[in-house]
Amino acid sequence: METILFILFIAFLVFFVIQLVYHAFVFTRFSFVQPKKGTPKNIPVSVLVCAKNEYENLQKNLPILVSQKYPNYELVLIDDASSDDTLELFEEYEKQYAFIKLVKVKNNEAFWGNKKFALTLGIKAAKNEYLLFTDADCYPTSENWISEMTAHFSSKKTIVLGYGAYEKIKGSFLNKIIRYETVLTAIQYFSWAKIGKPYMGVGRNLAYKKSEFFNVNGFINHIRVRSGDDDLFINEAANSENTSVSYHPESFTYSKPKTKHKDWFNQKRRHVSTAKHYKGFDKFQLALFFISQVLCITLAIILLSFQYNWIIVASVLGFRYIFNWIVFGYGAAKLNEKDVIIWYPIFELILIITHLRVAFTNLIFKPVHWK
């Protein structure tokens, strides 16, 4: 028994060191760096919004999109064969604003219900080389959203990763969990992008040059994967030379979060099923982070229950929580999510359990994707 506990103790220390490396050498690259306002470029931009049965959300969000303080942009509205009044609303806006271009997508037997097909048609229809994407249920926090996102383009930087936040719902514990996970995910993909290993972005707030889309033949390599028009594309097209990040508050977008645990759980199932198509290194680093997180905590609980080197174990575990909490806290504050910081230890455990449930469920049932 003593030998087994010693092995577990060494394993615990190894996984602690792995966690420390992630937080001290990767995540600090985002959390401890102050956001900078970019220098406005005023380049011609096409803003793309793909919608399928999003009439209610669009009623609220379109007025914000057409009121951006930017001198040269077109708004490309893509109706993906909606069965509600989405198309009619788009047509009303098209008549009112000269800078709106409407793309009507009809059901295609080969690509039925595939958002990537609709987005491809919208990208081809866009007149400008620089493209900025958001979703129909999203809205910018500022009238300077376009200006701030496009300010990070340069002759070399042709992809800009933005932050897509979720609205706060007062008194909702689930809402805090969702926003905690969103912050953690953002800290991860912003940090890896800043050290030259970008692996994903979110379609709620993402920009790239049209040439980058055609350089990888669009979504063709993962067209049969229903999700991933954002993260799988970035995973394929982004690299250390062409990718920049934008996390100034004026560049944020917000959208409505899920309000039922079942809906959030199903959303997570889709995200996890998409991640298995990432490049080898990206799958490895994400898996290593999660595995080291789970085993570091699990082994600590086992060792403490047997009181094996309990002073060392408790001290190491305490240091891990304090250090990780600080790194997460700085990142969360930078993303205007200060209220989730205090919940970090609890939410970490909840998210671990949820990820394990998602992995198990996805082995049995296939996730459902685009509407």
# chains A, B, ... in the order shown; residues from 1 in each chain; ligands from 1
$ residues_around --residues "A:Gly228" --least-positions-apart "3" --cutoff "9 Å" --atoms "only C-alpha atoms" --output "NGL selection string"
:A and (116 or 203 or 219 or 222-223 or 225 or 231-234 or 271 or 274-275)
$ write_last_selection --atoms "N, CA and C atoms" --output "JSON list (two decimals), in the first residue's frame"
[["chain", "number", "residue", "atom", "x", "y", "z"],
["A", 116, "LYS", "N", -22.51, 25.85, -43.16],
["A", 116, "LYS", "CA", -21.29, 26.15, -43.92],
["A", 116, "LYS", "C", -21.61, 26.43, -45.39],
["A", 203, "GLY", "N", -17.50, 32.01, -33.90],
["A", 203, "GLY", "CA", -18.23, 32.67, -34.98],
["A", 203, "GLY", "C", -19.05, 33.85, -34.52],
["A", 219, "PHE", "N", -14.66, 25.62, -46.51],
["A", 219, "PHE", "CA", -14.99, 24.60, -45.51],
["A", 219, "PHE", "C", -14.93, 23.19, -46.06],
["A", 222, "HIS", "N", -14.01, 19.99, -44.10],
["A", 222, "HIS", "CA", -14.85, 19.55, -42.98],
["A", 222, "HIS", "C", -16.31, 19.89, -43.26],
["A", 223, "ILE", "N", -16.68, 19.92, -44.53],
["A", 223, "ILE", "CA", -18.05, 20.31, -44.90],
["A", 223, "ILE", "C", -19.09, 19.34, -44.35],
["A", 225, "VAL", "N", -18.91, 17.90, -41.50],
["A", 225, "VAL", "CA", -19.04, 18.11, -40.05],
["A", 225, "VAL", "C", -19.98, 19.30, -39.88],
["A", 231, "ASP", "N", -14.43, 27.35, -35.46],
["A", 231, "ASP", "CA", -13.22, 26.78, -34.87],
["A", 231, "ASP", "C", -12.47, 25.84, -35.81],
["A", 232, "LEU", "N", -13.17, 25.03, -36.61],
["A", 232, "LEU", "CA", -12.46, 24.15, -37.54],
["A", 232, "LEU", "C", -11.78, 24.94, -38.65],
["A", 233, "PHE", "N", -12.43, 26.02, -39.09],
["A", 233, "PHE", "CA", -11.80, 26.87, -40.10],
["A", 233, "PHE", "C", -10.53, 27.50, -39.55],
["A", 234, "ILE", "N", -10.62, 28.09, -38.35],
["A", 234, "ILE", "CA", -9.45, 28.71, -37.73],
["A", 234, "ILE", "C", -8.37, 27.67, -37.47],
["A", 271, "HIS", "N", -19.96, 21.06, -29.29],
["A", 271, "HIS", "CA", -18.62, 21.65, -29.27],
["A", 271, "HIS", "C", -17.54, 20.58, -29.12],
["A", 274, "THR", "N", -16.98, 18.49, -32.20],
["A", 274, "THR", "CA", -16.25, 19.22, -33.23],
["A", 274, "THR", "C", -14.75, 19.22, -32.94],
["A", 275, "ALA", "N", -14.38, 19.34, -31.68],
["A", 275, "ALA", "CA", -12.97, 19.45, -31.30],
["A", 275, "ALA", "C", -12.15, 18.22, -31.68]]
$ residues_around --residues "A:Thr298" --least-positions-apart "2" --cutoff "12 Å" --atoms "only C-alpha atoms" --output "PDB file with all heavy atoms, in the first residue's frame"
ATOM      1  N   LEU A   8       1.271   7.249  -6.453  1.00  0.00           N
ATOM      2  CA  LEU A   8       0.200   8.231  -6.618  1.00  0.00           C
ATOM      3  C   LEU A   8       0.673   9.629  -6.241  1.00  0.00           C
ATOM      4  O   LEU A   8       0.285  10.622  -6.878  1.00  0.00           O
ATOM      5  CB  LEU A   8      -1.015   7.845  -5.769  1.00  0.00           C
ATOM      6  CG  LEU A   8      -1.746   6.557  -6.162  1.00  0.00           C
ATOM      7  CD1 LEU A   8      -2.924   6.311  -5.224  1.00  0.00           C
ATOM      8  CD2 LEU A   8      -2.224   6.611  -7.609  1.00  0.00           C
ATOM      9  N   PHE A   9       1.506   9.712  -5.226  1.00  0.00           N
ATOM     10  CA  PHE A   9       2.049  10.994  -4.792  1.00  0.00           C
ATOM     11  C   PHE A   9       2.936  11.615  -5.879  1.00  0.00           C
ATOM     12  O   PHE A   9       2.819  12.808  -6.177  1.00  0.00           O
ATOM     13  CB  PHE A   9       2.862  10.799  -3.507  1.00  0.00           C
ATOM     14  CG  PHE A   9       3.538  12.053  -3.013  1.00  0.00           C
ATOM     15  CD1 PHE A   9       2.790  13.108  -2.502  1.00  0.00           C
ATOM     16  CD2 PHE A   9       4.924  12.170  -3.066  1.00  0.00           C
ATOM     17  CE1 PHE A   9       3.415  14.270  -2.048  1.00  0.00           C
ATOM     18  CE2 PHE A   9       5.545  13.327  -2.615  1.00  0.00           C
ATOM     19  CZ  PHE A   9       4.797  14.372  -2.106  1.00  0.00           C
ATOM     20  N   ALA A  11       2.775  10.917  -9.085  1.00  0.00           N
ATOM     21  CA  ALA A  11       1.883  11.257 -10.198  1.00  0.00           C
ATOM     22  C   ALA A  11       1.165  12.579  -9.927  1.00  0.00           C
ATOM     23  O   ALA A  11       1.011  13.423 -10.823  1.00  0.00           O
ATOM     24  CB  ALA A  11       0.872  10.139 -10.418  1.00  0.00           C
ATOM     25  N   PHE A  12       0.740  12.761  -8.678  1.00  0.00           N
ATOM     26  CA  PHE A  12       0.085  14.007  -8.279  1.00  0.00           C
ATOM     27  C   PHE A  12       0.998  15.205  -8.522  1.00  0.00           C
ATOM     28  O   PHE A  12       0.573  16.230  -9.068  1.00  0.00           O
ATOM     29  CB  PHE A  12      -0.315  13.935  -6.807  1.00  0.00           C
ATOM     30  CG  PHE A  12      -0.616  15.260  -6.172  1.00  0.00           C
ATOM     31  CD1 PHE A  12      -1.760  15.968  -6.510  1.00  0.00           C
ATOM     32  CD2 PHE A  12       0.263  15.809  -5.232  1.00  0.00           C
ATOM     33  CE1 PHE A  12      -2.035  17.200  -5.931  1.00  0.00           C
ATOM     34  CE2 PHE A  12      -0.006  17.030  -4.648  1.00  0.00           C
ATOM     35  CZ  PHE A  12      -1.158  17.734  -4.993  1.00  0.00           C
ATOM     36  N   PHE A  15       1.333  15.911 -12.350  1.00  0.00           N
ATOM     37  CA  PHE A  15       0.164  16.586 -12.920  1.00  0.00           C
ATOM     38  C   PHE A  15       0.037  18.016 -12.406  1.00  0.00           C
ATOM     39  O   PHE A  15      -0.441  18.897 -13.125  1.00  0.00           O
ATOM     40  CB  PHE A  15      -1.108  15.789 -12.624  1.00  0.00           C
ATOM     41  CG  PHE A  15      -1.191  14.498 -13.386  1.00  0.00           C
ATOM     42  CD1 PHE A  15      -1.328  13.290 -12.734  1.00  0.00           C
ATOM     43  CD2 PHE A  15      -1.110  14.496 -14.767  1.00  0.00           C
ATOM     44  CE1 PHE A  15      -1.399  12.100 -13.436  1.00  0.00           C
ATOM     45  CE2 PHE A  15      -1.180  13.313 -15.487  1.00  0.00           C
ATOM     46  CZ  PHE A  15      -1.322  12.121 -14.822  1.00  0.00           C
ATOM     47  N   PHE A  16       0.472  18.248 -11.158  1.00  0.00           N
ATOM     48  CA  PHE A  16       0.501  19.613 -10.640  1.00  0.00           C
ATOM     49  C   PHE A  16       1.452  20.488 -11.463  1.00  0.00           C
ATOM     50  O   PHE A  16       1.121  21.624 -11.822  1.00  0.00           O
ATOM     51  CB  PHE A  16       0.940  19.627  -9.175  1.00  0.00           C
ATOM     52  CG  PHE A  16       1.421  20.969  -8.703  1.00  0.00           C
ATOM     53  CD1 PHE A  16       0.536  22.017  -8.497  1.00  0.00           C
ATOM     54  CD2 PHE A  16       2.786  21.196  -8.510  1.00  0.00           C
ATOM     55  CE1 PHE A  16       0.986  23.271  -8.083  1.00  0.00           C
ATOM     56  CE2 PHE A  16       3.239  22.447  -8.101  1.00  0.00           C
ATOM     57  CZ  PHE A  16       2.342  23.481  -7.887  1.00  0.00           C
ATOM     58  N   ILE A 291      -6.927  16.332 -18.635  1.00  0.00           N
ATOM     59  CA  ILE A 291      -6.518  15.145 -17.889  1.00  0.00           C
ATOM     60  C   ILE A 291      -5.694  15.522 -16.657  1.00  0.00           C
ATOM     61  O   ILE A 291      -5.903  14.984 -15.564  1.00  0.00           O
ATOM     62  CB  ILE A 291      -5.719  14.189 -18.805  1.00  0.00           C
ATOM     63  CG1 ILE A 291      -6.645  13.590 -19.872  1.00  0.00           C
ATOM     64  CG2 ILE A 291      -5.066  13.073 -17.985  1.00  0.00           C
ATOM     65  CD1 ILE A 291      -5.924  12.828 -20.954  1.00  0.00           C
ATOM     66  N   SER A 292      -4.749  16.453 -16.833  1.00  0.00           N
ATOM     67  CA  SER A 292      -3.926  16.871 -15.690  1.00  0.00           C
ATOM     68  C   SER A 292      -4.768  17.569 -14.639  1.00  0.00           C
ATOM     69  O   SER A 292      -4.526  17.437 -13.427  1.00  0.00           O
ATOM     70  CB  SER A 292      -2.792  17.793 -16.161  1.00  0.00           C
ATOM     71  OG  SER A 292      -3.300  18.996 -16.732  1.00  0.00           O
ATOM     72  N   GLN A 293      -5.777  18.295 -15.072  1.00  0.00           N
ATOM     73  CA  GLN A 293      -6.697  18.970 -14.152  1.00  0.00           C
ATOM     74  C   GLN A 293      -7.472  17.943 -13.328  1.00  0.00           C
ATOM     75  O   GLN A 293      -7.549  18.032 -12.098  1.00  0.00           O
ATOM     76  CB  GLN A 293      -7.648  19.844 -14.960  1.00  0.00           C
ATOM     77  CG  GLN A 293      -8.600  20.704 -14.161  1.00  0.00           C
ATOM     78  CD  GLN A 293      -9.560  21.455 -15.074  1.00  0.00           C
ATOM     79  OE1 GLN A 293     -10.060  20.904 -16.065  1.00  0.00           O
ATOM     80  NE2 GLN A 293      -9.814  22.707 -14.755  1.00  0.00           N
ATOM     81  N   VAL A 294      -8.035  16.947 -14.012  1.00  0.00           N
ATOM     82  CA  VAL A 294      -8.840  15.923 -13.338  1.00  0.00           C
ATOM     83  C   VAL A 294      -7.989  15.101 -12.376  1.00  0.00           C
ATOM     84  O   VAL A 294      -8.354  14.902 -11.206  1.00  0.00           O
ATOM     85  CB  VAL A 294      -9.500  14.991 -14.376  1.00  0.00           C
ATOM     86  CG1 VAL A 294     -10.187  13.816 -13.682  1.00  0.00           C
ATOM     87  CG2 VAL A 294     -10.511  15.755 -15.217  1.00  0.00           C
ATOM     88  N   LEU A 295      -6.838  14.632 -12.853  1.00  0.00           N
ATOM     89  CA  LEU A 295      -6.022  13.735 -12.040  1.00  0.00           C
ATOM     90  C   LEU A 295      -5.324  14.456 -10.892  1.00  0.00           C
ATOM     91  O   LEU A 295      -5.115  13.868  -9.831  1.00  0.00           O
ATOM     92  CB  LEU A 295      -5.010  13.022 -12.925  1.00  0.00           C
ATOM     93  CG  LEU A 295      -5.625  12.020 -13.914  1.00  0.00           C
ATOM     94  CD1 LEU A 295      -4.552  11.337 -14.737  1.00  0.00           C
ATOM     95  CD2 LEU A 295      -6.467  10.977 -13.167  1.00  0.00           C
ATOM     96  N   CYS A 296      -4.965  15.709 -11.098  1.00  0.00           N
ATOM     97  CA  CYS A 296      -4.350  16.466 -10.011  1.00  0.00           C
ATOM     98  C   CYS A 296      -5.305  16.569  -8.827  1.00  0.00           C
ATOM     99  O   CYS A 296      -4.923  16.328  -7.669  1.00  0.00           O
ATOM    100  CB  CYS A 296      -3.957  17.855 -10.498  1.00  0.00           C
ATOM    101  SG  CYS A 296      -3.066  18.843  -9.266  1.00  0.00           S
ATOM    102  N   ALA A 300      -5.134  14.185  -5.347  1.00  0.00           N
ATOM    103  CA  ALA A 300      -5.026  14.929  -4.089  1.00  0.00           C
ATOM    104  C   ALA A 300      -6.073  14.447  -3.089  1.00  0.00           C
ATOM    105  O   ALA A 300      -5.774  14.267  -1.894  1.00  0.00           O
ATOM    106  CB  ALA A 300      -5.195  16.417  -4.351  1.00  0.00           C
ATOM    107  N   ILE A 301      -7.275  14.222  -3.554  1.00  0.00           N
ATOM    108  CA  ILE A 301      -8.350  13.734  -2.672  1.00  0.00           C
ATOM    109  C   ILE A 301      -8.000  12.354  -2.117  1.00  0.00           C
ATOM    110  O   ILE A 301      -8.182  12.074  -0.920  1.00  0.00           O
ATOM    111  CB  ILE A 301      -9.685  13.690  -3.435  1.00  0.00           C
ATOM    112  CG1 ILE A 301     -10.135  15.114  -3.789  1.00  0.00           C
ATOM    113  CG2 ILE A 301     -10.758  12.976  -2.615  1.00  0.00           C
ATOM    114  CD1 ILE A 301     -11.344  15.167  -4.692  1.00  0.00           C
ATOM    115  N   ILE A 302      -7.479  11.471  -2.989  1.00  0.00           N
ATOM    116  CA  ILE A 302      -7.106  10.123  -2.546  1.00  0.00           C
ATOM    117  C   ILE A 302      -5.990  10.176  -1.504  1.00  0.00           C
ATOM    118  O   ILE A 302      -6.060   9.537  -0.444  1.00  0.00           O
ATOM    119  CB  ILE A 302      -6.667   9.266  -3.752  1.00  0.00           C
ATOM    120  CG1 ILE A 302      -7.853   9.022  -4.691  1.00  0.00           C
ATOM    121  CG2 ILE A 302      -6.082   7.929  -3.283  1.00  0.00           C
ATOM    122  CD1 ILE A 302      -7.476   8.338  -5.995  1.00  0.00           C
ATOM    123  N   LEU A 303      -4.946  10.948  -1.791  1.00  0.00           N
ATOM    124  CA  LEU A 303      -3.812  11.047  -0.872  1.00  0.00           C
ATOM    125  C   LEU A 303      -4.213  11.658   0.466  1.00  0.00           C
ATOM    126  O   LEU A 303      -3.773  11.221   1.531  1.00  0.00           O
ATOM    127  CB  LEU A 303      -2.700  11.865  -1.530  1.00  0.00           C
ATOM    128  CG  LEU A 303      -2.008  11.200  -2.732  1.00  0.00           C
ATOM    129  CD1 LEU A 303      -1.143  12.206  -3.483  1.00  0.00           C
ATOM    130  CD2 LEU A 303      -1.165  10.017  -2.266  1.00  0.00           C
ATOM    131  N   LEU A 304      -5.067  12.685   0.423  1.00  0.00           N
ATOM    132  CA  LEU A 304      -5.515  13.315   1.667  1.00  0.00           C
ATOM    133  C   LEU A 304      -6.398  12.375   2.483  1.00  0.00           C
ATOM    134  O   LEU A 304      -6.375  12.405   3.723  1.00  0.00           O
ATOM    135  CB  LEU A 304      -6.266  14.616   1.349  1.00  0.00           C
ATOM    136  CG  LEU A 304      -5.410  15.779   0.841  1.00  0.00           C
ATOM    137  CD1 LEU A 304      -6.288  16.937   0.395  1.00  0.00           C
ATOM    138  CD2 LEU A 304      -4.424  16.243   1.929  1.00  0.00           C
ATOM    139  N   SER A 305      -7.178  11.545   1.795  1.00  0.00           N
ATOM    140  CA  SER A 305      -8.040  10.601   2.521  1.00  0.00           C
ATOM    141  C   SER A 305      -7.215   9.564   3.281  1.00  0.00           C
ATOM    142  O   SER A 305      -7.658   9.042   4.315  1.00  0.00           O
ATOM    143  CB  SER A 305      -8.999   9.908   1.557  1.00  0.00           C
ATOM    144  OG  SER A 305      -8.287   9.052   0.669  1.00  0.00           O
ATOM    145  N   VAL A 313       0.823  17.597   0.292  1.00  0.00           N
ATOM    146  CA  VAL A 313      -0.289  17.526  -0.662  1.00  0.00           C
ATOM    147  C   VAL A 313      -1.225  18.724  -0.502  1.00  0.00           C
ATOM    148  O   VAL A 313      -1.603  19.378  -1.479  1.00  0.00           O
ATOM    149  CB  VAL A 313      -1.079  16.208  -0.495  1.00  0.00           C
ATOM    150  CG1 VAL A 313      -2.327  16.218  -1.385  1.00  0.00           C
ATOM    151  CG2 VAL A 313      -0.200  15.012  -0.847  1.00  0.00           C
ATOM    152  N   LEU A 317      -1.745  21.593  -3.286  1.00  0.00           N
ATOM    153  CA  LEU A 317      -3.102  21.811  -3.797  1.00  0.00           C
ATOM    154  C   LEU A 317      -3.560  23.240  -3.523  1.00  0.00           C
ATOM    155  O   LEU A 317      -4.180  23.881  -4.386  1.00  0.00           O
ATOM    156  CB  LEU A 317      -4.061  20.822  -3.147  1.00  0.00           C
ATOM    157  CG  LEU A 317      -5.497  20.806  -3.702  1.00  0.00           C
ATOM    158  CD1 LEU A 317      -5.507  20.347  -5.157  1.00  0.00           C
ATOM    159  CD2 LEU A 317      -6.387  19.887  -2.860  1.00  0.00           C
ATOM    160  N   LEU A 349     -14.887  22.274 -10.662  1.00  0.00           N
ATOM    161  CA  LEU A 349     -15.358  20.909 -10.409  1.00  0.00           C
ATOM    162  C   LEU A 349     -16.614  20.595 -11.213  1.00  0.00           C
ATOM    163  O   LEU A 349     -16.738  19.505 -11.790  1.00  0.00           O
ATOM    164  CB  LEU A 349     -15.638  20.720  -8.912  1.00  0.00           C
ATOM    165  CG  LEU A 349     -14.409  20.715  -7.992  1.00  0.00           C
ATOM    166  CD1 LEU A 349     -14.852  20.639  -6.536  1.00  0.00           C
ATOM    167  CD2 LEU A 349     -13.489  19.559  -8.334  1.00  0.00           C
ATOM    168  N   ILE A 352     -15.643  20.027 -14.831  1.00  0.00           N
ATOM    169  CA  ILE A 352     -14.971  18.733 -15.003  1.00  0.00           C
ATOM    170  C   ILE A 352     -16.003  17.606 -15.085  1.00  0.00           C
ATOM    171  O   ILE A 352     -15.953  16.755 -15.978  1.00  0.00           O
ATOM    172  CB  ILE A 352     -13.991  18.482 -13.840  1.00  0.00           C
ATOM    173  CG1 ILE A 352     -12.752  19.364 -13.987  1.00  0.00           C
ATOM    174  CG2 ILE A 352     -13.574  17.006 -13.803  1.00  0.00           C
ATOM    175  CD1 ILE A 352     -11.806  19.289 -12.800  1.00  0.00           C
ATOM    176  N   ILE A 353     -16.935  17.608 -14.157  1.00  0.00           N
ATOM    177  CA  ILE A 353     -17.983  16.580 -14.144  1.00  0.00           C
ATOM    178  C   ILE A 353     -18.818  16.649 -15.416  1.00  0.00           C
ATOM    179  O   ILE A 353     -19.155  15.624 -16.022  1.00  0.00           O
ATOM    180  CB  ILE A 353     -18.879  16.747 -12.899  1.00  0.00           C
ATOM    181  CG1 ILE A 353     -18.063  16.483 -11.632  1.00  0.00           C
ATOM    182  CG2 ILE A 353     -20.078  15.814 -12.964  1.00  0.00           C
ATOM    183  CD1 ILE A 353     -18.776  16.846 -10.344  1.00  0.00           C
TER     184      ILE A 353
END
$ select_by_dssp --residues "stretch 54-208 of chain A" --states "strand (DSSP E)" --output "ChimeraX atom specification"
/A:73-80,100-105,130-135,138-140,159-161,164-166,206-208
$ write_last_selection --atoms "N, CA and C atoms" --output "JSON list (two decimals), in the first residue's frame"
[["chain", "number", "residue", "atom", "x", "y", "z"],
["A", 73, "TYR", "N", -18.59, 50.04, -44.78],
["A", 73, "TYR", "CA", -18.90, 48.62, -44.59],
["A", 73, "TYR", "C", -20.23, 48.27, -45.25],
["A", 74, "GLU", "N", -20.32, 47.02, -45.67],
["A", 74, "GLU", "CA", -21.59, 46.48, -46.14],
["A", 74, "GLU", "C", -22.03, 45.40, -45.15],
["A", 75, "LEU", "N", -23.32, 45.23, -45.04],
["A", 75, "LEU", "CA", -23.88, 44.22, -44.16],
["A", 75, "LEU", "C", -24.50, 43.13, -45.03],
["A", 76, "VAL", "N", -23.90, 41.95, -45.00],
["A", 76, "VAL", "CA", -24.38, 40.82, -45.80],
["A", 76, "VAL", "C", -25.28, 39.96, -44.93],
["A", 77, "LEU", "N", -26.56, 39.95, -45.23],
["A", 77, "LEU", "CA", -27.55, 39.18, -44.48],
["A", 77, "LEU", "C", -27.86, 37.90, -45.26],
["A", 78, "ILE", "N", -27.61, 36.76, -44.63],
["A", 78, "ILE", "CA", -27.77, 35.46, -45.28],
["A", 78, "ILE", "C", -28.96, 34.73, -44.65],
["A", 79, "ASP", "N", -30.00, 34.54, -45.43],
["A", 79, "ASP", "CA", -31.15, 33.79, -44.94],
["A", 79, "ASP", "C", -31.01, 32.34, -45.37],
["A", 80, "ASP", "N", -30.85, 31.46, -44.40],
["A", 80, "ASP", "CA", -30.63, 30.04, -44.68],
["A", 80, "ASP", "C", -31.96, 29.29, -44.67],
["A", 100, "ILE", "N", -26.78, 47.24, -47.40],
["A", 100, "ILE", "CA", -27.16, 45.87, -47.06],
["A", 100, "ILE", "C", -27.27, 45.04, -48.33],
["A", 101, "LYS", "N", -26.68, 43.86, -48.28],
["A", 101, "LYS", "CA", -26.79, 42.89, -49.37],
["A", 101, "LYS", "C", -27.47, 41.65, -48.82],
["A", 102, "LEU", "N", -28.50, 41.19, -49.50],
["A", 102, "LEU", "CA", -29.27, 40.03, -49.04],
["A", 102, "LEU", "C", -28.91, 38.80, -49.88],
["A", 103, "VAL", "N", -28.60, 37.72, -49.19],
["A", 103, "VAL", "CA", -28.31, 36.44, -49.85],
["A", 103, "VAL", "C", -29.38, 35.44, -49.42],
["A", 104, "LYS", "N", -30.13, 34.95, -50.39],
["A", 104, "LYS", "CA", -31.20, 34.00, -50.11],
["A", 104, "LYS", "C", -30.73, 32.58, -50.44],
["A", 105, "VAL", "N", -30.71, 31.73, -49.43],
["A", 105, "VAL", "CA", -30.24, 30.35, -49.61],
["A", 105, "VAL", "C", -31.44, 29.42, -49.61],
["A", 130, "TYR", "N", -12.11, 42.10, -46.74],
["A", 130, "TYR", "CA", -12.08, 41.89, -45.29],
["A", 130, "TYR", "C", -13.48, 41.53, -44.80],
["A", 131, "LEU", "N", -13.57, 40.42, -44.07],
["A", 131, "LEU", "CA", -14.86, 39.89, -43.62],
["A", 131, "LEU", "C", -14.91, 39.87, -42.09],
["A", 132, "LEU", "N", -16.06, 40.26, -41.55],
["A", 132, "LEU", "CA", -16.28, 40.24, -40.10],
["A", 132, "LEU", "C", -17.57, 39.48, -39.83],
["A", 133, "PHE", "N", -17.50, 38.48, -38.96],
["A", 133, "PHE", "CA", -18.63, 37.58, -38.73],
["A", 133, "PHE", "C", -19.21, 37.73, -37.32],
["A", 134, "THR", "N", -20.52, 37.62, -37.25],
["A", 134, "THR", "CA", -21.20, 37.46, -35.98],
["A", 134, "THR", "C", -22.46, 36.64, -36.23],
["A", 135, "ASP", "N", -23.12, 36.22, -35.18],
["A", 135, "ASP", "CA", -24.33, 35.40, -35.32],
["A", 135, "ASP", "C", -25.58, 36.24, -35.19],
["A", 138, "CYS", "N", -26.49, 37.62, -31.80],
["A", 138, "CYS", "CA", -25.43, 38.41, -31.16],
["A", 138, "CYS", "C", -25.57, 39.90, -31.49],
["A", 139, "TYR", "N", -25.00, 40.71, -30.61],
["A", 139, "TYR", "CA", -24.96, 42.15, -30.88],
["A", 139, "TYR", "C", -23.66, 42.72, -30.31],
["A", 140, "PRO", "N", -23.08, 43.71, -30.96],
["A", 140, "PRO", "CA", -21.86, 44.34, -30.46],
["A", 140, "PRO", "C", -22.14, 45.18, -29.22],
["A", 159, "ILE", "N", -6.15, 37.34, -39.92],
["A", 159, "ILE", "CA", -7.19, 36.71, -39.11],
["A", 159, "ILE", "C", -7.23, 37.39, -37.75],
["A", 160, "VAL", "N", -8.42, 37.78, -37.31],
["A", 160, "VAL", "CA", -8.56, 38.43, -36.00],
["A", 160, "VAL", "C", -9.56, 37.65, -35.17],
["A", 161, "LEU", "N", -9.13, 37.18, -34.00],
["A", 161, "LEU", "CA", -9.99, 36.46, -33.08],
["A", 161, "LEU", "C", -10.57, 37.43, -32.06],
["A", 164, "GLY", "N", -16.63, 36.58, -27.83],
["A", 164, "GLY", "CA", -18.08, 36.52, -27.87],
["A", 164, "GLY", "C", -18.62, 36.16, -26.50],
["A", 165, "ALA", "N", -19.14, 37.14, -25.79],
["A", 165, "ALA", "CA", -19.61, 36.93, -24.42],
["A", 165, "ALA", "C", -21.09, 36.55, -24.40],
["A", 166, "TYR", "N", -21.56, 36.19, -23.21],
["A", 166, "TYR", "CA", -22.98, 35.92, -23.02],
["A", 166, "TYR", "C", -23.57, 36.91, -22.02],
["A", 206, "LEU", "N", -15.57, 37.13, -35.12],
["A", 206, "LEU", "CA", -14.42, 36.61, -35.85],
["A", 206, "LEU", "C", -14.26, 37.38, -37.16],
["A", 207, "ALA", "N", -13.01, 37.64, -37.54],
["A", 207, "ALA", "CA", -12.75, 38.38, -38.78],
["A", 207, "ALA", "C", -11.58, 37.75, -39.52],
["A", 208, "TYR", "N", -11.67, 37.74, -40.85],
["A", 208, "TYR", "CA", -10.54, 37.28, -41.66],
["A", 208, "TYR", "C", -10.69, 37.78, -43.09]]
$ closest_residue --among "A:Gln34, A:Thr86, A:Val183, A:Lys260" --to "A:Glu56" --atoms "only C-alpha atoms"
A:Thr86
$ residues_around --residues "A:Thr141" --least-positions-apart "5" --cutoff "10 Å" --atoms "only C-alpha atoms" --output "list of chain:residue names"
A:Ile64, A:Ala165, A:Pro249, A:Glu250, A:Ser251, A:Phe252, A:Thr253, A:Tyr254
$ write_last_selection --atoms "N, CA and C atoms" --output "JSON list (two decimals), in the first residue's frame"
[["chain", "number", "residue", "atom", "x", "y", "z"],
["A", 64, "ILE", "N", -28.69, 47.54, -34.15],
["A", 64, "ILE", "CA", -27.34, 47.81, -33.63],
["A", 64, "ILE", "C", -26.30, 47.63, -34.74],
["A", 165, "ALA", "N", -19.14, 37.14, -25.79],
["A", 165, "ALA", "CA", -19.61, 36.93, -24.42],
["A", 165, "ALA", "C", -21.09, 36.55, -24.40],
["A", 249, "PRO", "N", -12.66, 45.94, -24.65],
["A", 249, "PRO", "CA", -14.10, 45.85, -24.39],
["A", 249, "PRO", "C", -14.99, 46.34, -25.53],
["A", 250, "GLU", "N", -14.53, 47.31, -26.31],
["A", 250, "GLU", "CA", -15.34, 47.81, -27.41],
["A", 250, "GLU", "C", -15.42, 46.82, -28.58],
["A", 251, "SER", "N", -14.64, 45.76, -28.52],
["A", 251, "SER", "CA", -14.67, 44.77, -29.60],
["A", 251, "SER", "C", -15.52, 43.56, -29.25],
["A", 252, "PHE", "N", -16.12, 43.53, -28.04],
["A", 252, "PHE", "CA", -16.90, 42.38, -27.60],
["A", 252, "PHE", "C", -18.26, 42.32, -28.31],
["A", 253, "THR", "N", -18.78, 41.10, -28.43],
["A", 253, "THR", "CA", -20.18, 40.91, -28.79],
["A", 253, "THR", "C", -20.85, 40.13, -27.65],
["A", 254, "TYR", "N", -22.17, 40.27, -27.57],
["A", 254, "TYR", "CA", -22.93, 39.55, -26.55],
["A", 254, "TYR", "C", -24.07, 38.79, -27.22]]
$ residues_around --residues "A:Lys41" --least-positions-apart "4" --cutoff "10 Å" --atoms "only C-alpha atoms" --output "MDAnalysis selection string"
chainID A and resid 147:154
$ select_by_dssp --residues "stretch 244-327 of chain A" --states "helix (DSSP H, G or I)" --output "JSON, numbers by chain"
{"A": [249, 250, 251, 261, 262, 263, 264, 265, 266, 267, 268, 269, 270, 271, 272, 273, 274, 275, 280, 281, 282, 283, 284, 285, 286, 287, 288, 289, 290, 291, 292, 293, 294, 295, 296, 297, 298, 299, 300, 301, 302, 303, 304, 305, 310, 311, 312, 313, 314, 315, 316, 317, 318, 319, 320, 321, 322, 323, 324, 325, 326, 327]}
